[in-house]
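Asker: Can you keep this structure in mind? I'll have questions shortly.
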Amino acid sequence: MPRHLLLELGLEEVPARFIRSAMEQLKDRTERWLTESRITFGTVSAYATPRRLAVLIQDVADKQTDVHEEVKGPAKKIALDANGEWTKAALGFARSQGVEPEAFFFKELNGVEYIYANKSSLGTNTEDVLVEGLTSIIHAMTFPKNMRWGAKEMRFVRPIRWMVALHGEEIIPLEIAGVKAGRTSRGHRFLGEETVINEPLQYVERLREQSVIVDVAEREANITAQIEELAKSKNWNIAIKDDLLEEVLFLVEYPTVLFGGFDEAFLNIPQEVLITSMREHQRYFPVLDTEGQLLPYFVTVRNGDSKGLDIVAKGNEKVLRARLSDAKFFYEEDQKLNIIDCVHKLDSIVFHEELGSIGDKVRRIHAIADALALAVQTDRETALWVSRAADICKFDLVTQMVYEFPELQGVMGEDYARKAGEPEAVAQAINEHYKPRFAGDPAPVSLVGSIISMADKMDTLAGCFGIGIIPTGSQDPYGLRRQATGIVQILLERNLPLTLHTIFNITLDVYAQAGLLKREREEVRKELYEFFGLRVKNVLSESVRYDVVDAVMAAGYDDVKLTVARGEALMRAVQADEFKLTVESFNRVSNLAAKAVSNDIHPELFEQDAERKLYERWMYVHEAYAAASGNPAEAIEVLSQLKDEVHSFFEQVMVMAENEAVRANRLALLANIANDIQRFADFSKLVWA
């Protein structure tokens, strides 16, 4: 009869950022081991707090599933020698399968005879394999950082202090690093005590009785509900940032929400500074009014009950006052700095040993940004703002505030630049040029910010590709995928008249003049183009199906905005049943056009009305298609007008005529039509149900 299985690892406090992945890893490894061990099971639940990782599996079979299978061995000609005796290959196969050679039989597969053996494996009782299996699961777990302890230097995220391991009501005799499993777990460090778990399904409730909420989803809902109730009662807007909620979630076992306040005088500091200080140093949730302005309060989550909350709040207020005083000091000291002096200090900060200092990078950003501004034909005033913003875009990196809170780079630069009297467009661009910082972050709003952002990101990309630093697999230490994705997002959202090749050439010109390219320029440009292609493909994949993506990408993606528009237009077109006939005509043209040796058309060589009509229709379509090139929806409608004449042409005209001149002329006509078609998409990649 199936029984439930529980494994709990009691640990010293685990860093919050490690816990969710560790919980999921324990669950995944347990499920995988049970499956590979042929042990059937039901629902699997994972639990975690700062002091424990646990997994509960319901309805675990008492016995492994029996296996009866037919196993294929080597080919008969390899299995038998010239004398009809079993070869070493056959005998080795017998040993590996645990059968005698006499049990072999022959079967034909794809015209070749092979030896086969019937292999049977009777399932073992589950309880007989649990100790070895659970031990292997625990030892196989990996973490970003490990601790070593014990006589055998056990490696784990934190030392194991207790274990609960139950199969039904029976204790699994598991021992790890001197810790023996039992049925006794530990409750909240201050509010609970040890508790005995008689069978796995008691686990969640027994821990709850000891002030531990082990269910992560329940704990999160508890925290969120308390915050929302507090916000409603105070008419506050409490900013719940997902990453902060995730961290707080794994700092507590029994959450209780409380609030405190701070001196209103601190509100003279930019609210981004105060919010960052509260979130990063104290793990507090900031409190805003209905218009999004910071109020002199904070919300935090206690790992305990509601007793003495006023005392806890005062203690938190005291700590926060010290933090905000530091921030106030840094902020006031930074404003005494001269922007140009800060820019000069950037020469002493290394960007990359092969690419120079941050100061060198800023000078390259200036050159790239000026050329981009010229390419988009900005007015004179905007061009001046671009130059100034490029010159000082990184100056806040040497301020005390950004040193303390690196995530405020750009934010502080904007504030300090505005206070120093810089034009508003310049101050705004200093902040915006870091955008988009991450997936879901908005692109710069201003043209100046967009240009500086692209210049900064392209400098990093070209520099890294130019010296051979190209992301492979999951490795991307310089965030190059994010940088390229950011440029694609800017091109799409700002609708800038820039192609990828224009951007690449401008950037590579700057690098060539600086003598920093360590690889062939054309090779770098090609790799950048392919790298950006994956980013464009990702964008297309969000709104169109895979075959449409492939078809559109095959026609090129130099103009990112136009490429996405082509994808969307083709996606709409393929949803119409009649479009299939249009695609068939396009593909017939492209297939034969590949045989053309010239694109020169000689109308006087046309012999039949069908080819003359196709030529005349193409002349009209070619001109209309060129006029509609910026509007893919219109362009594909224009191209579709070729369908009837193409079908008539293939029904009435022998393309591969015996007369060489006539044949070449017909192929040239098809080649010209194919050139127009293939500028839109490779229609042969479309898949029809």
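Within each chain, counting starts at residue 1; across the structure tokens, chains are named A, B, ... in the order shown, with ligands numbered 1 upward in that order.
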Write out as a list in words which residues come within 10 Å of Val597 of chain A when counting only C-alpha atoms, dropping same-chain ones fewer than 4 positions away.
Answerer: Ala593, Ala664, Asn665, Leu667, Ala668 and Ala671 of chain A
Asker: Produce a file of the selected residues containing all heavy atoms, as an mmCIF file, in the first residue's frame.
Answerer:
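part.cif, freshly written:
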```cif
data_model
loop_
_atom_site.group_PDB
_atom_site.id
_atom_site.type_symbol
_atom_site.label_atom_id
_atom_site.label_comp_id
_atom_site.auth_asym_id
_atom_site.auth_seq_id
_atom_site.Cartn_x
_atom_site.Cartn_y
_atom_site.Cartn_z
ATOM 1 N N ALA A 593 14.174 30.664 -60.220
ATOM 2 C CA ALA A 593 15.036 31.840 -60.342
ATOM 3 C C ALA A 593 16.473 31.526 -59.947
ATOM 4 O O ALA A 593 17.411 32.186 -60.408
ATOM 5 C CB ALA A 593 14.500 32.981 -59.475
ATOM 6 N N ALA A 664 17.117 31.867 -70.993
ATOM 7 C CA ALA A 664 17.811 32.806 -70.105
ATOM 8 C C ALA A 664 16.936 34.021 -69.811
ATOM 9 O O ALA A 664 16.936 34.551 -68.691
ATOM 10 C CB ALA A 664 19.134 33.233 -70.723
ATOM 11 N N ASN A 665 16.169 34.468 -70.820
ATOM 12 C CA ASN A 665 15.301 35.639 -70.643
ATOM 13 C C ASN A 665 14.165 35.338 -69.653
ATOM 14 O O ASN A 665 13.823 36.176 -68.808
ATOM 15 C CB ASN A 665 14.733 36.068 -71.992
ATOM 16 C CG ASN A 665 14.138 37.462 -71.935
ATOM 17 O OD1 ASN A 665 14.786 38.418 -71.494
ATOM 18 N ND2 ASN A 665 12.885 37.588 -72.374
ATOM 19 N N LEU A 667 14.225 33.035 -67.305
ATOM 20 C CA LEU A 667 14.825 32.896 -65.972
ATOM 21 C C LEU A 667 15.184 34.266 -65.390
ATOM 22 O O LEU A 667 15.058 34.489 -64.179
ATOM 23 C CB LEU A 667 16.074 32.014 -66.039
ATOM 24 C CG LEU A 667 15.818 30.524 -66.285
ATOM 25 C CD1 LEU A 667 17.137 29.781 -66.502
ATOM 26 C CD2 LEU A 667 15.062 29.900 -65.110
ATOM 27 N N ALA A 668 15.611 35.192 -66.250
ATOM 28 C CA ALA A 668 15.938 36.542 -65.785
ATOM 29 C C ALA A 668 14.691 37.242 -65.249
ATOM 30 O O ALA A 668 14.739 37.961 -64.241
ATOM 31 C CB ALA A 668 16.562 37.355 -66.910
ATOM 32 N N ALA A 671 14.020 35.825 -61.944
ATOM 33 C CA ALA A 671 15.032 36.274 -60.984
ATOM 34 C C ALA A 671 14.707 37.658 -60.452
ATOM 35 O O ALA A 671 14.865 37.944 -59.254
ATOM 36 C CB ALA A 671 16.416 36.263 -61.635
#
```
Asker: Can you pull out the residues contacting Asn672 of chain A? Cut-off 10 Å, using only C-alpha atoms, and skip same-chain residues under 4 positions away; I want them as a list in words.
Answerer: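 The contact residues come out as Val589, Ser590, Ala593, Ala596, Ser598, Asn599, Asp600, Ile601, Tyr615, Trp618, Met619, His622, Leu667, Ala668, Asp676 and Ile677 of chain A.
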Asker: Pick from A:Cys464, A:Val157, A:Leu498, A:Val299: nearest to Pro144 of chain A, with only C-alpha atoms counted?
Answerer: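 Ranked by minimum distance to Pro144 of chain A, first place goes to A:Val157.
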Asker: Which neighbours of segment 430-443 of chain A fall inside 9 Å, counting only C-alpha atoms, when residues of the same chain fewer than 2 positions from it are skipped, and could you give them as a ChimeraX atom specification?
Answerer: /A:389-390,392-394,409-415,417,425-428,445-446,448-457,482-483,485-487,489-490,493-494
Asker: With N, CA and C atoms retained, could you export that selection as a CSV table (one decimal), in the first residue's frame?
Answerer:
```csv
chain,number,residue,atom,x,y,z
A,389,ALA,N,26.0,65.8,-22.8
A,389,ALA,CA,25.6,64.7,-22.1
A,389,ALA,C,26.6,63.5,-22.2
A,390,ALA,N,27.1,63.3,-23.4
A,390,ALA,CA,28.1,62.3,-23.6
A,390,ALA,C,29.4,62.5,-22.8
A,392,ILE,N,29.7,64.1,-19.9
A,392,ILE,CA,29.6,64.0,-18.4
A,392,ILE,C,28.7,62.8,-18.0
A,393,CYS,N,28.3,61.9,-18.9
A,393,CYS,CA,27.3,60.9,-18.6
A,393,CYS,C,27.8,59.9,-17.4
A,394,LYS,N,29.0,59.8,-17.2
A,394,LYS,CA,29.5,58.9,-16.1
A,394,LYS,C,30.1,59.6,-14.9
A,409,GLN,N,23.5,54.9,-9.9
A,409,GLN,CA,24.2,55.5,-11.0
A,409,GLN,C,23.2,56.1,-12.0
A,410,GLY,N,23.5,57.3,-12.5
A,410,GLY,CA,22.5,57.9,-13.4
A,410,GLY,C,21.5,58.7,-12.7
A,411,VAL,N,20.9,58.1,-11.7
A,411,VAL,CA,19.8,58.8,-10.8
A,411,VAL,C,20.5,60.0,-10.1
A,412,MET,N,21.7,59.7,-9.5
A,412,MET,CA,22.3,60.8,-8.8
A,412,MET,C,23.0,61.8,-9.8
A,413,GLY,N,23.4,61.2,-10.9
A,413,GLY,CA,24.0,62.1,-12.0
A,413,GLY,C,23.0,63.1,-12.4
A,414,GLU,N,21.8,62.7,-12.7
A,414,GLU,CA,20.7,63.6,-13.1
A,414,GLU,C,20.5,64.7,-12.1
A,415,ASP,N,20.3,64.2,-10.8
A,415,ASP,CA,20.1,65.2,-9.7
A,415,ASP,C,21.2,66.2,-9.6
A,417,ALA,N,23.5,67.0,-11.7
A,417,ALA,CA,23.7,67.8,-12.9
A,417,ALA,C,22.7,69.0,-13.0
A,425,ALA,N,17.7,68.7,-20.6
A,425,ALA,CA,17.9,67.6,-21.5
A,425,ALA,C,19.1,66.8,-21.2
A,426,VAL,N,20.2,67.5,-20.8
A,426,VAL,CA,21.4,66.9,-20.5
A,426,VAL,C,21.3,66.1,-19.2
A,427,ALA,N,20.7,66.7,-18.2
A,427,ALA,CA,20.5,66.0,-16.9
A,427,ALA,C,19.7,64.8,-17.0
A,428,GLN,N,18.6,64.9,-17.8
A,428,GLN,CA,17.7,63.8,-18.0
A,428,GLN,C,18.5,62.6,-18.7
A,445,VAL,N,13.2,58.1,-22.8
A,445,VAL,CA,12.1,58.8,-23.4
A,445,VAL,C,12.6,59.9,-24.3
A,446,SER,N,13.7,60.5,-24.0
A,446,SER,CA,14.2,61.6,-24.8
A,446,SER,C,15.1,61.1,-25.9
A,448,VAL,N,17.9,62.6,-26.8
A,448,VAL,CA,19.3,62.7,-26.3
A,448,VAL,C,19.7,61.5,-25.5
A,449,GLY,N,18.8,61.1,-24.6
A,449,GLY,CA,19.0,59.9,-23.7
A,449,GLY,C,19.1,58.7,-24.6
A,450,SER,N,18.3,58.6,-25.6
A,450,SER,CA,18.3,57.4,-26.5
A,450,SER,C,19.7,57.3,-27.2
A,451,ILE,N,20.2,58.4,-27.7
A,451,ILE,CA,21.4,58.4,-28.5
A,451,ILE,C,22.6,58.0,-27.6
A,452,ILE,N,22.6,58.6,-26.4
A,452,ILE,CA,23.7,58.3,-25.4
A,452,ILE,C,23.7,56.9,-25.0
A,453,SER,N,22.5,56.4,-24.7
A,453,SER,CA,22.3,55.0,-24.3
A,453,SER,C,22.8,54.1,-25.4
A,454,MET,N,22.5,54.3,-26.6
A,454,MET,CA,22.9,53.4,-27.7
A,454,MET,C,24.5,53.5,-27.9
A,455,ALA,N,25.0,54.7,-27.7
A,455,ALA,CA,26.4,54.9,-27.8
A,455,ALA,C,27.2,54.2,-26.7
A,456,ASP,N,26.7,54.2,-25.5
A,456,ASP,CA,27.3,53.6,-24.4
A,456,ASP,C,27.2,52.1,-24.6
A,457,LYS,N,26.1,51.5,-24.9
A,457,LYS,CA,25.9,50.1,-25.1
A,457,LYS,C,26.7,49.6,-26.3
A,482,ARG,N,22.1,41.7,-22.7
A,482,ARG,CA,21.2,42.8,-22.2
A,482,ARG,C,21.5,44.1,-22.9
A,483,GLN,N,22.7,44.4,-23.2
A,483,GLN,CA,23.1,45.6,-23.9
A,483,GLN,C,22.5,45.6,-25.3
A,485,THR,N,20.0,43.8,-26.5
A,485,THR,CA,18.5,43.9,-26.3
A,485,THR,C,18.0,45.3,-26.1
A,486,GLY,N,18.8,46.0,-25.3
A,486,GLY,CA,18.5,47.4,-25.0
A,486,GLY,C,18.5,48.3,-26.2
A,487,ILE,N,19.5,48.1,-27.1
A,487,ILE,CA,19.5,48.9,-28.3
A,487,ILE,C,18.4,48.5,-29.2
A,489,GLN,N,15.5,47.5,-28.3
A,489,GLN,CA,14.3,48.1,-27.7
A,489,GLN,C,14.2,49.6,-28.0
A,490,ILE,N,15.3,50.3,-27.9
A,490,ILE,CA,15.4,51.7,-28.2
A,490,ILE,C,15.0,52.0,-29.7
A,493,GLU,N,11.2,51.4,-30.0
A,493,GLU,CA,10.3,52.3,-29.2
A,493,GLU,C,10.5,53.8,-29.7
A,494,ARG,N,11.7,54.1,-30.1
A,494,ARG,CA,12.0,55.5,-30.4
A,494,ARG,C,11.8,55.7,-31.9
```
Asker: Per residue of segment 9-63 of chain A within 9 Å of segment 214-231 of chain A, note the shortest atom pair and the distance in Å to one decimal, counting only C-alpha atoms, and order the rows by chain and increasing residue number, as JSON lines.
Answerer:
```
{"residue": "A:Arg20", "atom": "CA", "partner": "A:Val216", "partner_atom": "CA", "distance": 8.9}
{"residue": "A:Ser45", "atom": "CA", "partner": "A:Asp215", "partner_atom": "CA", "distance": 8.9}
{"residue": "A:Ala46", "atom": "CA", "partner": "A:Asp215", "partner_atom": "CA", "distance": 7.8}
{"residue": "A:Tyr47", "atom": "CA", "partner": "A:Asp215", "partner_atom": "CA", "distance": 5.3}
{"residue": "A:Ala48", "atom": "CA", "partner": "A:Val214", "partner_atom": "CA", "distance": 5.6}
{"residue": "A:Thr49", "atom": "CA", "partner": "A:Val214", "partner_atom": "CA", "distance": 6.0}
{"residue": "A:Arg52", "atom": "CA", "partner": "A:Val214", "partner_atom": "CA", "distance": 8.5}
{"residue": "A:Leu53", "atom": "CA", "partner": "A:Val214", "partner_atom": "CA", "distance": 8.9}
{"residue": "A:Ala54", "atom": "CA", "partner": "A:Val214", "partner_atom": "CA", "distance": 8.6}
```
Asker: May I have the residues within 7 Å of segment 355-369 of chain A as a list in words, using only C-alpha atoms and disregarding those fewer than 6 positions away in the same chain?
Answerer: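 The residues satisfying every condition are Leu346, Asp347, Ser348, Ile349, Val386, Ser387, Ala390, Asp391, Ile451, Ile452, Ala455, Asp456, Asp459, Gly463, Ile506, Thr507, Val510 and Leu516 of chain A.
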Asker: If you run DSSP over the backbone, which residues in segment 60-156 of chain A end up strand (DSSP E or B)? Put them as a ChimeraX atom specification.
Answerer: /A:60,63,67-75,80,86,105-109,112-121,125,147-149,154-156
